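Novice: Structure incoming, see below.
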Protein chains: 2
Amino acid sequence: MTSPSAHQRGRPPTTDHSAIEQAAFRLFGERGFEETTVDAIAEAAGIGRRTLFRYYPSKNDIPWGQFEAGLVRLHAHLAASPPDIPLYEAVHRAILDFNHLDEAAIPQHRQRMRLLLTTPALQAHSALKYAAWRNVIAEYVAGRCGTTADALLPRTIGHVSLALALSAYEQWLEEEDSSLPRLLDSSLSGLRRYLTRP
Amino acid sequence: MTSPSAHQRGRPPTTDHSAIEQAAFRLFGERGFEETTVDAIAEAAGIGRRTLFRYYPSKNDIPWGQFEAGLVRLHAHLAASPPDIPLYEAVHRAILDFNHLDEAAIPQHRQRMRLLLTTPALQAHSALKYAAWRNVIAEYVAGRCGTTADALLPRTIGHVSLALALSAYEQWLEEEDSSLPRLLDSSLSGLRRYLTRP
DNA sequence: TTCCCTTTTGGCACTCAATGCCCTTAAATG
DNA sequence: CATTTAAGGGCATTGAGTGCCAAAAGGGAA
């Protein structure tokens, strides 16, 4: 372990992910996502265009921030969940945890999710991120069912869990002062009623 | 109504969607999707690159073929479904109908779906197509619930129906001689058990 | 037949994302 | 101070997508 910055030899980094993200979000807010060129983001962040692509593999990845880190947490939460509670409840709790936000972080997260869910290019790109998310769920379900993650049930639960989360998010963005955890509960119970009612 | 080709004035078209699609699929099969340039497709179809973009708004749209026409059928099927059967059953039946294939069409459809579900660029682009599909479902659910399509339940059912269809499709692609309708049934009943079991 | 009208075609130029190549910059180490 | 190591960034290239506009190719009327 080395102190503040973990680099010892060589030229020190001029920037970091969050500096780029901030510059990018400012421009996205001012002009919109499509209207903001990568060159403009690089310039606003005070780095070269080539450097930007070393920090983010694509323009589309910028708004996703530290999503991978979130996946690790999701996986950890599931791994640590008691094996005696019903499967659907373990999954639901993990999803609630994954989407837990501190009060102070809500406005930022709203802005990020609005960008992700309303920009066509990002809606498309998101499919690739979601696949990794679904897989974390599917792996857990497979573990509890004694199958592999590519069996029908784990896959289905992965897809359906994402479906529930996304419908909650879409609703959350539309109702200015709604509660995300409450919407996650509602979409699940709505589905349950849908499947069991006349 | 005019006979064979419905064009009377002006220069007659030199090509059509299916000719382009055929040329494209041949190249995709030979070299893969990413490795096939739009110029190559245009050349193979015997048209100019500019013309290709008048028939398909993007390279990513080519593998989708006549999807919009399918959506119209889905909508029609739902509109014609008896209002006295349970909501989930009406939806499920419509999805079965939407994904019904003649025996002879199966190999082609397999190839198309394999391309769509395994190529990253197409997985991403598909999100935009799926949105329209989900909306057809959501509109129907909204109609039967007396709400609008942007309420939580219709949205949820739209997302979940897609989730079920996609998991069935993914499974279908993996098991060479599986039955798509059977898998659609299985993913639904798997979900139902998941939500109601201990 | 010839001219006009309509519609499709496709060449050309341009923008922008993404990527490979490679030289430069700037620190740490001995 | 020279060497080593890692980051920065310029340059050139590829490939998708788009606007503009002139050429091509028919039908119909004079």
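Ordering of the structure tokens sets the chain letters (A, B, ...); residue numbers start at 1 within each chain; ligands are numbered from 1 in the order shown.
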Using only C-alpha atoms (C1' of nucleotides), tabulate the residues of chain D lying at most 9 Å from any atom of chain A, each with its closest atom pair and that distance in Å to one decimal, by chain and increasing residue number, as a Markdown table.
Specialist:
| residue | atom | partner | partner_atom | distance |
| --- | --- | --- | --- | --- |
| D:DT4 | C1' | A:Gly10 | CA | 8.1 |
| D:DT5 | C1' | A:Gly10 | CA | 4.7 |
| D:DA6 | C1' | A:Gly10 | CA | 4.3 |
| D:DA7 | C1' | A:Arg11 | CA | 5.4 |
| D:DG8 | C1' | A:Thr51 | CA | 6.5 |
| D:DG9 | C1' | A:Gly48 | CA | 5.6 |
| D:DG10 | C1' | A:Arg50 | CA | 8.8 |
Novice: Show me which bits of chain C are within 6 Å of chain A, counting only C-alpha atoms (C1' of nucleotides), as a ChimeraX atom specification.
Specialist: /C:26-28
Novice: For the residues in the current selection, export all heavy atoms as a PDB file, in the first residue's frame.
Specialist:
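Written file, result.pdb:
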ATOM      1  P    DA C  26       6.436  18.450 -18.851  1.00  0.00           P
ATOM      2  OP1  DA C  26       5.326  19.379 -18.596  1.00  0.00           O
ATOM      3  OP2  DA C  26       7.784  18.941 -19.204  1.00  0.00           O
ATOM      4  O5'  DA C  26       6.573  17.472 -17.610  1.00  0.00           O
ATOM      5  C5'  DA C  26       5.464  16.671 -17.234  1.00  0.00           C
ATOM      6  C4'  DA C  26       5.912  15.610 -16.265  1.00  0.00           C
ATOM      7  O4'  DA C  26       6.557  14.532 -16.980  1.00  0.00           O
ATOM      8  C3'  DA C  26       6.928  16.093 -15.224  1.00  0.00           C
ATOM      9  O3'  DA C  26       6.512  15.668 -13.946  1.00  0.00           O
ATOM     10  C2'  DA C  26       8.218  15.410 -15.637  1.00  0.00           C
ATOM     11  C1'  DA C  26       7.672  14.118 -16.236  1.00  0.00           C
ATOM     12  N9   DA C  26       8.583  13.420 -17.135  1.00  0.00           N
ATOM     13  C8   DA C  26       9.433  13.965 -18.057  1.00  0.00           C
ATOM     14  N7   DA C  26      10.134  13.067 -18.718  1.00  0.00           N
ATOM     15  C5   DA C  26       9.707  11.853 -18.216  1.00  0.00           C
ATOM     16  C6   DA C  26      10.070  10.525 -18.499  1.00  0.00           C
ATOM     17  N6   DA C  26      10.973  10.190 -19.417  1.00  0.00           N
ATOM     18  N1   DA C  26       9.445   9.555 -17.808  1.00  0.00           N
ATOM     19  C2   DA C  26       8.540   9.889 -16.888  1.00  0.00           C
ATOM     20  N3   DA C  26       8.120  11.109 -16.535  1.00  0.00           N
ATOM     21  C4   DA C  26       8.749  12.054 -17.237  1.00  0.00           C
ATOM     22  P    DA C  27       6.692  16.633 -12.691  1.00  0.00           P
ATOM     23  OP1  DA C  27       5.389  16.899 -12.097  1.00  0.00           O
ATOM     24  OP2  DA C  27       7.575  17.731 -13.123  1.00  0.00           O
ATOM     25  O5'  DA C  27       7.570  15.715 -11.710  1.00  0.00           O
ATOM     26  C5'  DA C  27       6.925  14.933 -10.768  1.00  0.00           C
ATOM     27  C4'  DA C  27       7.229  13.466 -11.002  1.00  0.00           C
ATOM     28  O4'  DA C  27       7.771  13.253 -12.326  1.00  0.00           O
ATOM     29  C3'  DA C  27       8.288  12.882 -10.073  1.00  0.00           C
ATOM     30  O3'  DA C  27       7.674  12.371  -8.919  1.00  0.00           O
ATOM     31  C2'  DA C  27       8.945  11.798 -10.904  1.00  0.00           C
ATOM     32  C1'  DA C  27       8.414  12.013 -12.317  1.00  0.00           C
ATOM     33  N9   DA C  27       9.469  12.015 -13.327  1.00  0.00           N
ATOM     34  C8   DA C  27      10.007  13.083 -13.966  1.00  0.00           C
ATOM     35  N7   DA C  27      10.924  12.774 -14.859  1.00  0.00           N
ATOM     36  C5   DA C  27      10.993  11.403 -14.792  1.00  0.00           C
ATOM     37  C6   DA C  27      11.781  10.449 -15.487  1.00  0.00           C
ATOM     38  N6   DA C  27      12.675  10.789 -16.426  1.00  0.00           N
ATOM     39  N1   DA C  27      11.603   9.156 -15.196  1.00  0.00           N
ATOM     40  C2   DA C  27      10.693   8.829 -14.262  1.00  0.00           C
ATOM     41  N3   DA C  27       9.891   9.632 -13.543  1.00  0.00           N
ATOM     42  C4   DA C  27      10.094  10.911 -13.864  1.00  0.00           C
ATOM     43  P    DA C  28       8.558  11.973  -7.658  1.00  0.00           P
ATOM     44  OP1  DA C  28       7.660  11.773  -6.506  1.00  0.00           O
ATOM     45  OP2  DA C  28       9.679  12.940  -7.593  1.00  0.00           O
ATOM     46  O5'  DA C  28       9.162  10.563  -8.089  1.00  0.00           O
ATOM     47  C5'  DA C  28       8.328   9.412  -8.090  1.00  0.00           C
ATOM     48  C4'  DA C  28       9.195   8.176  -8.246  1.00  0.00           C
ATOM     49  O4'  DA C  28       9.926   8.286  -9.499  1.00  0.00           O
ATOM     50  C3'  DA C  28      10.244   8.001  -7.148  1.00  0.00           C
ATOM     51  O3'  DA C  28      10.340   6.626  -6.821  1.00  0.00           O
ATOM     52  C2'  DA C  28      11.518   8.549  -7.780  1.00  0.00           C
ATOM     53  C1'  DA C  28      11.323   8.231  -9.262  1.00  0.00           C
ATOM     54  N9   DA C  28      11.941   9.208 -10.160  1.00  0.00           N
ATOM     55  C8   DA C  28      11.823  10.561 -10.121  1.00  0.00           C
ATOM     56  N7   DA C  28      12.489  11.197 -11.070  1.00  0.00           N
ATOM     57  C5   DA C  28      13.088  10.169 -11.771  1.00  0.00           C
ATOM     58  C6   DA C  28      13.939  10.159 -12.896  1.00  0.00           C
ATOM     59  N6   DA C  28      14.331  11.266 -13.532  1.00  0.00           N
ATOM     60  N1   DA C  28      14.359   8.962 -13.353  1.00  0.00           N
ATOM     61  C2   DA C  28      13.958   7.858 -12.723  1.00  0.00           C
ATOM     62  N3   DA C  28      13.154   7.730 -11.661  1.00  0.00           N
ATOM     63  C4   DA C  28      12.761   8.943 -11.230  1.00  0.00           C
TER      64       DA C  28
END
Novice: Please identify every residue of chain A that has at least one atom no more than 9 Å from any atom of chain B, counting only C-alpha atoms, and report them as a PDB file with N, CA, C and O atoms, in the first residue's frame.
Specialist:
ATOM      1  N   ILE A  85     -33.724 -17.410   3.580  1.00  0.00           N
ATOM      2  CA  ILE A  85     -34.852 -16.596   3.132  1.00  0.00           C
ATOM      3  C   ILE A  85     -35.183 -16.991   1.701  1.00  0.00           C
ATOM      4  O   ILE A  85     -34.345 -17.513   0.975  1.00  0.00           O
ATOM      5  N   PRO A  86     -36.448 -16.764   1.316  1.00  0.00           N
ATOM      6  CA  PRO A  86     -36.852 -17.171  -0.034  1.00  0.00           C
ATOM      7  C   PRO A  86     -35.966 -16.513  -1.082  1.00  0.00           C
ATOM      8  O   PRO A  86     -35.517 -15.379  -0.904  1.00  0.00           O
ATOM      9  N   LEU A  87     -35.762 -17.228  -2.160  1.00  0.00           N
ATOM     10  CA  LEU A  87     -34.902 -16.750  -3.244  1.00  0.00           C
ATOM     11  C   LEU A  87     -35.327 -15.370  -3.729  1.00  0.00           C
ATOM     12  O   LEU A  87     -34.513 -14.451  -3.838  1.00  0.00           O
ATOM     13  N   TYR A  88     -36.607 -15.214  -4.009  1.00  0.00           N
ATOM     14  CA  TYR A  88     -37.048 -13.932  -4.566  1.00  0.00           C
ATOM     15  C   TYR A  88     -36.810 -12.796  -3.589  1.00  0.00           C
ATOM     16  O   TYR A  88     -36.561 -11.658  -3.986  1.00  0.00           O
ATOM     17  N   GLU A  89     -36.832 -13.138  -2.290  1.00  0.00           N
ATOM     18  CA  GLU A  89     -36.636 -12.065  -1.330  1.00  0.00           C
ATOM     19  C   GLU A  89     -35.162 -11.676  -1.234  1.00  0.00           C
ATOM     20  O   GLU A  89     -34.829 -10.485  -1.134  1.00  0.00           O
ATOM     21  N   PRO A 120     -31.160   8.229 -26.693  1.00  0.00           N
ATOM     22  CA  PRO A 120     -31.178   6.997 -27.488  1.00  0.00           C
ATOM     23  C   PRO A 120     -29.836   6.274 -27.537  1.00  0.00           C
ATOM     24  O   PRO A 120     -29.776   5.068 -27.303  1.00  0.00           O
ATOM     25  N   ALA A 121     -28.765   7.013 -27.812  1.00  0.00           N
ATOM     26  CA  ALA A 121     -27.461   6.350 -27.907  1.00  0.00           C
ATOM     27  C   ALA A 121     -27.099   5.666 -26.596  1.00  0.00           C
ATOM     28  O   ALA A 121     -26.464   4.611 -26.583  1.00  0.00           O
ATOM     29  N   LEU A 122     -27.520   6.248 -25.489  1.00  0.00           N
ATOM     30  CA  LEU A 122     -27.188   5.671 -24.191  1.00  0.00           C
ATOM     31  C   LEU A 122     -28.135   4.545 -23.824  1.00  0.00           C
ATOM     32  O   LEU A 122     -27.736   3.554 -23.206  1.00  0.00           O
ATOM     33  N   GLN A 123     -29.398   4.675 -24.197  1.00  0.00           N
ATOM     34  CA  GLN A 123     -30.330   3.561 -24.010  1.00  0.00           C
ATOM     35  C   GLN A 123     -29.762   2.322 -24.676  1.00  0.00           C
ATOM     36  O   GLN A 123     -29.788   1.220 -24.126  1.00  0.00           O
ATOM     37  N   ALA A 124     -29.263   2.525 -25.871  1.00  0.00           N
ATOM     38  CA  ALA A 124     -28.701   1.395 -26.611  1.00  0.00           C
ATOM     39  C   ALA A 124     -27.471   0.852 -25.897  1.00  0.00           C
ATOM     40  O   ALA A 124     -27.386  -0.342 -25.606  1.00  0.00           O
ATOM     41  N   HIS A 125     -26.553   1.722 -25.598  1.00  0.00           N
ATOM     42  CA  HIS A 125     -25.311   1.282 -24.969  1.00  0.00           C
ATOM     43  C   HIS A 125     -25.577   0.588 -23.630  1.00  0.00           C
ATOM     44  O   HIS A 125     -24.857  -0.330 -23.232  1.00  0.00           O
ATOM     45  N   SER A 126     -26.599   1.012 -22.943  1.00  0.00           N
ATOM     46  CA  SER A 126     -26.913   0.461 -21.629  1.00  0.00           C
ATOM     47  C   SER A 126     -27.151  -1.036 -21.678  1.00  0.00           C
ATOM     48  O   SER A 126     -26.875  -1.751 -20.709  1.00  0.00           O
ATOM     49  N   ALA A 127     -27.665  -1.509 -22.793  1.00  0.00           N
ATOM     50  CA  ALA A 127     -27.955  -2.936 -22.915  1.00  0.00           C
ATOM     51  C   ALA A 127     -26.722  -3.757 -22.570  1.00  0.00           C
ATOM     52  O   ALA A 127     -26.818  -4.825 -21.961  1.00  0.00           O
ATOM     53  N   LEU A 128     -25.553  -3.252 -22.942  1.00  0.00           N
ATOM     54  CA  LEU A 128     -24.322  -3.989 -22.684  1.00  0.00           C
ATOM     55  C   LEU A 128     -23.982  -3.975 -21.189  1.00  0.00           C
ATOM     56  O   LEU A 128     -23.510  -4.964 -20.636  1.00  0.00           O
ATOM     57  N   ASP A 150     -26.522 -20.189 -17.142  1.00  0.00           N
ATOM     58  CA  ASP A 150     -27.111 -20.143 -18.475  1.00  0.00           C
ATOM     59  C   ASP A 150     -28.315 -21.082 -18.613  1.00  0.00           C
ATOM     60  O   ASP A 150     -28.783 -21.343 -19.708  1.00  0.00           O
ATOM     61  N   ALA A 151     -28.828 -21.561 -17.482  1.00  0.00           N
ATOM     62  CA  ALA A 151     -30.071 -22.322 -17.532  1.00  0.00           C
ATOM     63  C   ALA A 151     -31.245 -21.347 -17.637  1.00  0.00           C
ATOM     64  O   ALA A 151     -31.090 -20.149 -17.414  1.00  0.00           O
ATOM     65  N   LEU A 152     -32.414 -21.883 -17.958  1.00  0.00           N
ATOM     66  CA  LEU A 152     -33.546 -20.993 -18.230  1.00  0.00           C
ATOM     67  C   LEU A 152     -33.951 -20.143 -17.028  1.00  0.00           C
ATOM     68  O   LEU A 152     -34.141 -18.938 -17.147  1.00  0.00           O
ATOM     69  N   LEU A 153     -34.091 -20.774 -15.855  1.00  0.00           N
ATOM     70  CA  LEU A 153     -34.589 -20.003 -14.713  1.00  0.00           C
ATOM     71  C   LEU A 153     -33.659 -18.864 -14.289  1.00  0.00           C
ATOM     72  O   LEU A 153     -34.115 -17.717 -14.153  1.00  0.00           O
ATOM     73  N   ARG A 155     -31.499 -17.227 -15.974  1.00  0.00           N
ATOM     74  CA  ARG A 155     -31.580 -16.209 -17.016  1.00  0.00           C
ATOM     75  C   ARG A 155     -32.871 -15.414 -16.913  1.00  0.00           C
ATOM     76  O   ARG A 155     -32.872 -14.182 -17.004  1.00  0.00           O
ATOM     77  N   THR A 156     -33.965 -16.143 -16.749  1.00  0.00           N
ATOM     78  CA  THR A 156     -35.262 -15.472 -16.655  1.00  0.00           C
ATOM     79  C   THR A 156     -35.279 -14.507 -15.478  1.00  0.00           C
ATOM     80  O   THR A 156     -35.723 -13.365 -15.608  1.00  0.00           O
ATOM     81  N   ILE A 157     -34.803 -14.969 -14.333  1.00  0.00           N
ATOM     82  CA  ILE A 157     -34.835 -14.107 -13.147  1.00  0.00           C
ATOM     83  C   ILE A 157     -33.911 -12.908 -13.331  1.00  0.00           C
ATOM     84  O   ILE A 157     -34.232 -11.795 -12.896  1.00  0.00           O
ATOM     85  N   GLY A 158     -32.789 -13.106 -14.002  1.00  0.00           N
ATOM     86  CA  GLY A 158     -31.921 -11.975 -14.321  1.00  0.00           C
ATOM     87  C   GLY A 158     -32.659 -10.944 -15.155  1.00  0.00           C
ATOM     88  O   GLY A 158     -32.691  -9.752 -14.818  1.00  0.00           O
ATOM     89  N   HIS A 159     -33.284 -11.414 -16.223  1.00  0.00           N
ATOM     90  CA  HIS A 159     -34.021 -10.500 -17.097  1.00  0.00           C
ATOM     91  C   HIS A 159     -35.171  -9.824 -16.366  1.00  0.00           C
ATOM     92  O   HIS A 159     -35.397  -8.624 -16.501  1.00  0.00           O
ATOM     93  N   VAL A 160     -35.922 -10.619 -15.596  1.00  0.00           N
ATOM     94  CA  VAL A 160     -37.100 -10.066 -14.936  1.00  0.00           C
ATOM     95  C   VAL A 160     -36.700  -9.066 -13.845  1.00  0.00           C
ATOM     96  O   VAL A 160     -37.335  -8.024 -13.686  1.00  0.00           O
ATOM     97  N   SER A 161     -35.631  -9.364 -13.131  1.00  0.00           N
ATOM     98  CA  SER A 161     -35.184  -8.433 -12.090  1.00  0.00           C
ATOM     99  C   SER A 161     -34.819  -7.088 -12.711  1.00  0.00           C
ATOM    100  O   SER A 161     -35.159  -6.023 -12.190  1.00  0.00           O
ATOM    101  N   LEU A 162     -34.130  -7.146 -13.828  1.00  0.00           N
ATOM    102  CA  LEU A 162     -33.785  -5.913 -14.531  1.00  0.00           C
ATOM    103  C   LEU A 162     -35.045  -5.194 -14.984  1.00  0.00           C
ATOM    104  O   LEU A 162     -35.151  -3.966 -14.872  1.00  0.00           O
ATOM    105  N   ALA A 163     -36.002  -5.964 -15.475  1.00  0.00           N
ATOM    106  CA  ALA A 163     -37.269  -5.387 -15.927  1.00  0.00           C
ATOM    107  C   ALA A 163     -37.937  -4.609 -14.798  1.00  0.00           C
ATOM    108  O   ALA A 163     -38.416  -3.489 -14.982  1.00  0.00           O
ATOM    109  N   LEU A 164     -37.945  -5.207 -13.619  1.00  0.00           N
ATOM    110  CA  LEU A 164     -38.577  -4.554 -12.472  1.00  0.00           C
ATOM    111  C   LEU A 164     -37.825  -3.282 -12.100  1.00  0.00           C
ATOM    112  O   LEU A 164     -38.431  -2.233 -11.833  1.00  0.00           O
ATOM    113  N   ALA A 165     -36.502  -3.372 -12.085  1.00  0.00           N
ATOM    114  CA  ALA A 165     -35.706  -2.205 -11.721  1.00  0.00           C
ATOM    115  C   ALA A 165     -35.893  -1.071 -12.724  1.00  0.00           C
ATOM    116  O   ALA A 165     -36.070   0.092 -12.340  1.00  0.00           O
ATOM    117  N   LEU A 166     -35.909  -1.420 -13.993  1.00  0.00           N
ATOM    118  CA  LEU A 166     -36.036  -0.361 -15.000  1.00  0.00           C
ATOM    119  C   LEU A 166     -37.405   0.300 -14.977  1.00  0.00           C
ATOM    120  O   LEU A 166     -37.514   1.510 -15.161  1.00  0.00           O
ATOM    121  N   SER A 167     -38.457  -0.502 -14.760  1.00  0.00           N
ATOM    122  CA  SER A 167     -39.760   0.162 -14.721  1.00  0.00           C
ATOM    123  C   SER A 167     -39.855   1.077 -13.512  1.00  0.00           C
ATOM    124  O   SER A 167     -40.430   2.168 -13.591  1.00  0.00           O
ATOM    125  N   ALA A 168     -39.259   0.654 -12.407  1.00  0.00           N
ATOM    126  CA  ALA A 168     -39.247   1.533 -11.228  1.00  0.00           C
ATOM    127  C   ALA A 168     -38.479   2.824 -11.527  1.00  0.00           C
ATOM    128  O   ALA A 168     -38.931   3.921 -11.184  1.00  0.00           O
ATOM    129  N   GLU A 170     -37.914   4.263 -14.432  1.00  0.00           N
ATOM    130  CA  GLU A 170     -38.621   5.137 -15.372  1.00  0.00           C
ATOM    131  C   GLU A 170     -39.710   5.925 -14.663  1.00  0.00           C
ATOM    132  O   GLU A 170     -39.898   7.111 -14.907  1.00  0.00           O
ATOM    133  N   GLN A 171     -40.410   5.229 -13.777  1.00  0.00           N
ATOM    134  CA  GLN A 171     -41.458   5.893 -13.012  1.00  0.00           C
ATOM    135  C   GLN A 171     -40.869   6.951 -12.079  1.00  0.00           C
ATOM    136  O   GLN A 171     -41.395   8.058 -11.936  1.00  0.00           O
ATOM    137  N   LEU A 183     -40.950   2.385  -5.177  1.00  0.00           N
ATOM    138  CA  LEU A 183     -41.324   1.997  -6.536  1.00  0.00           C
ATOM    139  C   LEU A 183     -40.815   0.598  -6.871  1.00  0.00           C
ATOM    140  O   LEU A 183     -41.473  -0.160  -7.575  1.00  0.00           O
ATOM    141  N   SER A 186     -43.251  -1.633  -5.367  1.00  0.00           N
ATOM    142  CA  SER A 186     -44.523  -1.597  -6.101  1.00  0.00           C
ATOM    143  C   SER A 186     -44.457  -2.374  -7.401  1.00  0.00           C
ATOM    144  O   SER A 186     -45.422  -3.059  -7.762  1.00  0.00           O
ATOM    145  N   SER A 187     -43.365  -2.267  -8.101  1.00  0.00           N
ATOM    146  CA  SER A 187     -43.327  -2.970  -9.382  1.00  0.00           C
ATOM    147  C   SER A 187     -43.314  -4.479  -9.140  1.00  0.00           C
ATOM    148  O   SER A 187     -43.961  -5.225  -9.858  1.00  0.00           O
ATOM    149  N   LEU A 188     -42.620  -4.899  -8.092  1.00  0.00           N
ATOM    150  CA  LEU A 188     -42.620  -6.328  -7.763  1.00  0.00           C
ATOM    151  C   LEU A 188     -44.011  -6.809  -7.351  1.00  0.00           C
ATOM    152  O   LEU A 188     -44.496  -7.824  -7.857  1.00  0.00           O
ATOM    153  N   GLY A 190     -46.837  -5.418  -8.009  1.00  0.00           N
ATOM    154  CA  GLY A 190     -47.709  -5.302  -9.177  1.00  0.00           C
ATOM    155  C   GLY A 190     -47.579  -6.531 -10.066  1.00  0.00           C
ATOM    156  O   GLY A 190     -48.568  -7.098 -10.524  1.00  0.00           O
ATOM    157  N   LEU A 191     -46.359  -6.961 -10.267  1.00  0.00           N
ATOM    158  CA  LEU A 191     -46.121  -8.145 -11.093  1.00  0.00           C
ATOM    159  C   LEU A 191     -46.754  -9.377 -10.452  1.00  0.00           C
ATOM    160  O   LEU A 191     -47.385 -10.189 -11.131  1.00  0.00           O
ATOM    161  N   ARG A 192     -46.591  -9.486  -9.149  1.00  0.00           N
ATOM    162  CA  ARG A 192     -47.131 -10.664  -8.467  1.00  0.00           C
ATOM    163  C   ARG A 192     -48.648 -10.721  -8.621  1.00  0.00           C
ATOM    164  O   ARG A 192     -49.222 -11.773  -8.930  1.00  0.00           O
ATOM    165  N   TYR A 194     -50.392  -9.337 -11.003  1.00  0.00           N
ATOM    166  CA  TYR A 194     -50.646  -9.583 -12.426  1.00  0.00           C
ATOM    167  C   TYR A 194     -50.618 -11.068 -12.750  1.00  0.00           C
ATOM    168  O   TYR A 194     -51.451 -11.577 -13.504  1.00  0.00           O
ATOM    169  N   LEU A 195     -49.670 -11.770 -12.120  1.00  0.00           N
ATOM    170  CA  LEU A 195     -49.490 -13.185 -12.462  1.00  0.00           C
ATOM    171  C   LEU A 195     -50.452 -14.111 -11.739  1.00  0.00           C
ATOM    172  O   LEU A 195     -50.584 -15.269 -12.115  1.00  0.00           O
ATOM    173  N   THR A 196     -51.094 -13.618 -10.699  1.00  0.00           N
ATOM    174  CA  THR A 196     -51.919 -14.523  -9.899  1.00  0.00           C
ATOM    175  C   THR A 196     -53.395 -14.163  -9.941  1.00  0.00           C
ATOM    176  O   THR A 196     -54.231 -14.947  -9.515  1.00  0.00           O
ATOM    177  N   ARG A 197     -53.712 -12.958 -10.441  1.00  0.00           N
ATOM    178  CA  ARG A 197     -55.104 -12.538 -10.426  1.00  0.00           C
ATOM    179  C   ARG A 197     -55.845 -13.162 -11.611  1.00  0.00           C
ATOM    180  O   ARG A 197     -55.232 -13.516 -12.609  1.00  0.00           O
ATOM    181  N   PRO A 198     -57.179 -13.279 -11.496  1.00  0.00           N
ATOM    182  CA  PRO A 198     -58.043 -13.758 -12.610  1.00  0.00           C
ATOM    183  C   PRO A 198     -57.627 -13.139 -13.919  1.00  0.00           C
ATOM    184  O   PRO A 198     -58.217 -12.244 -14.389  1.00  0.00           O
TER     185      PRO A 198
END
Novice: Residues of range 19-188 of chain A in alpha helix (DSSP H) according to DSSP, as a ChimeraX atom specification?
Specialist: /A:19-31,38-45,49-55,67-79,87-98,106-118,120-145,152-174,180-188
Novice: Produce a table with one row for each residue of range 40-76 of chain B that has an atom at most 6 Å from any atom of range 21-24 of chain B, each row naming the nearest atom pair and its distance in Å at one decimal; use only C-alpha atoms; arrange rows by chain and rising residue number; format as JSON lines.
Specialist:
{"residue": "B:Ile41", "atom": "CA", "partner": "B:Ala24", "partner_atom": "CA", "distance": 5.4}
{"residue": "B:Ala44", "atom": "CA", "partner": "B:Ala23", "partner_atom": "CA", "distance": 5.8}
{"residue": "B:Ala45", "atom": "CA", "partner": "B:Ala23", "partner_atom": "CA", "distance": 5.5}
Novice: For the atom pair CA of Ser179 in chain B and CA of Pro107 in chain B, what is the interatomic distance in Å to one decimal place?
Specialist: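 Separating CA of Ser179 in chain B from CA of Pro107 in chain B is a distance of 12.5 Å.
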Novice: Env of DA29 in chain D: 12 Å cut, atoms = only C-alpha atoms (C1' of nucleotides), seq-sep filter 4 positions within chain, self excluded. Answer as a ChimeraX atom specification.
Specialist: /C:1-5
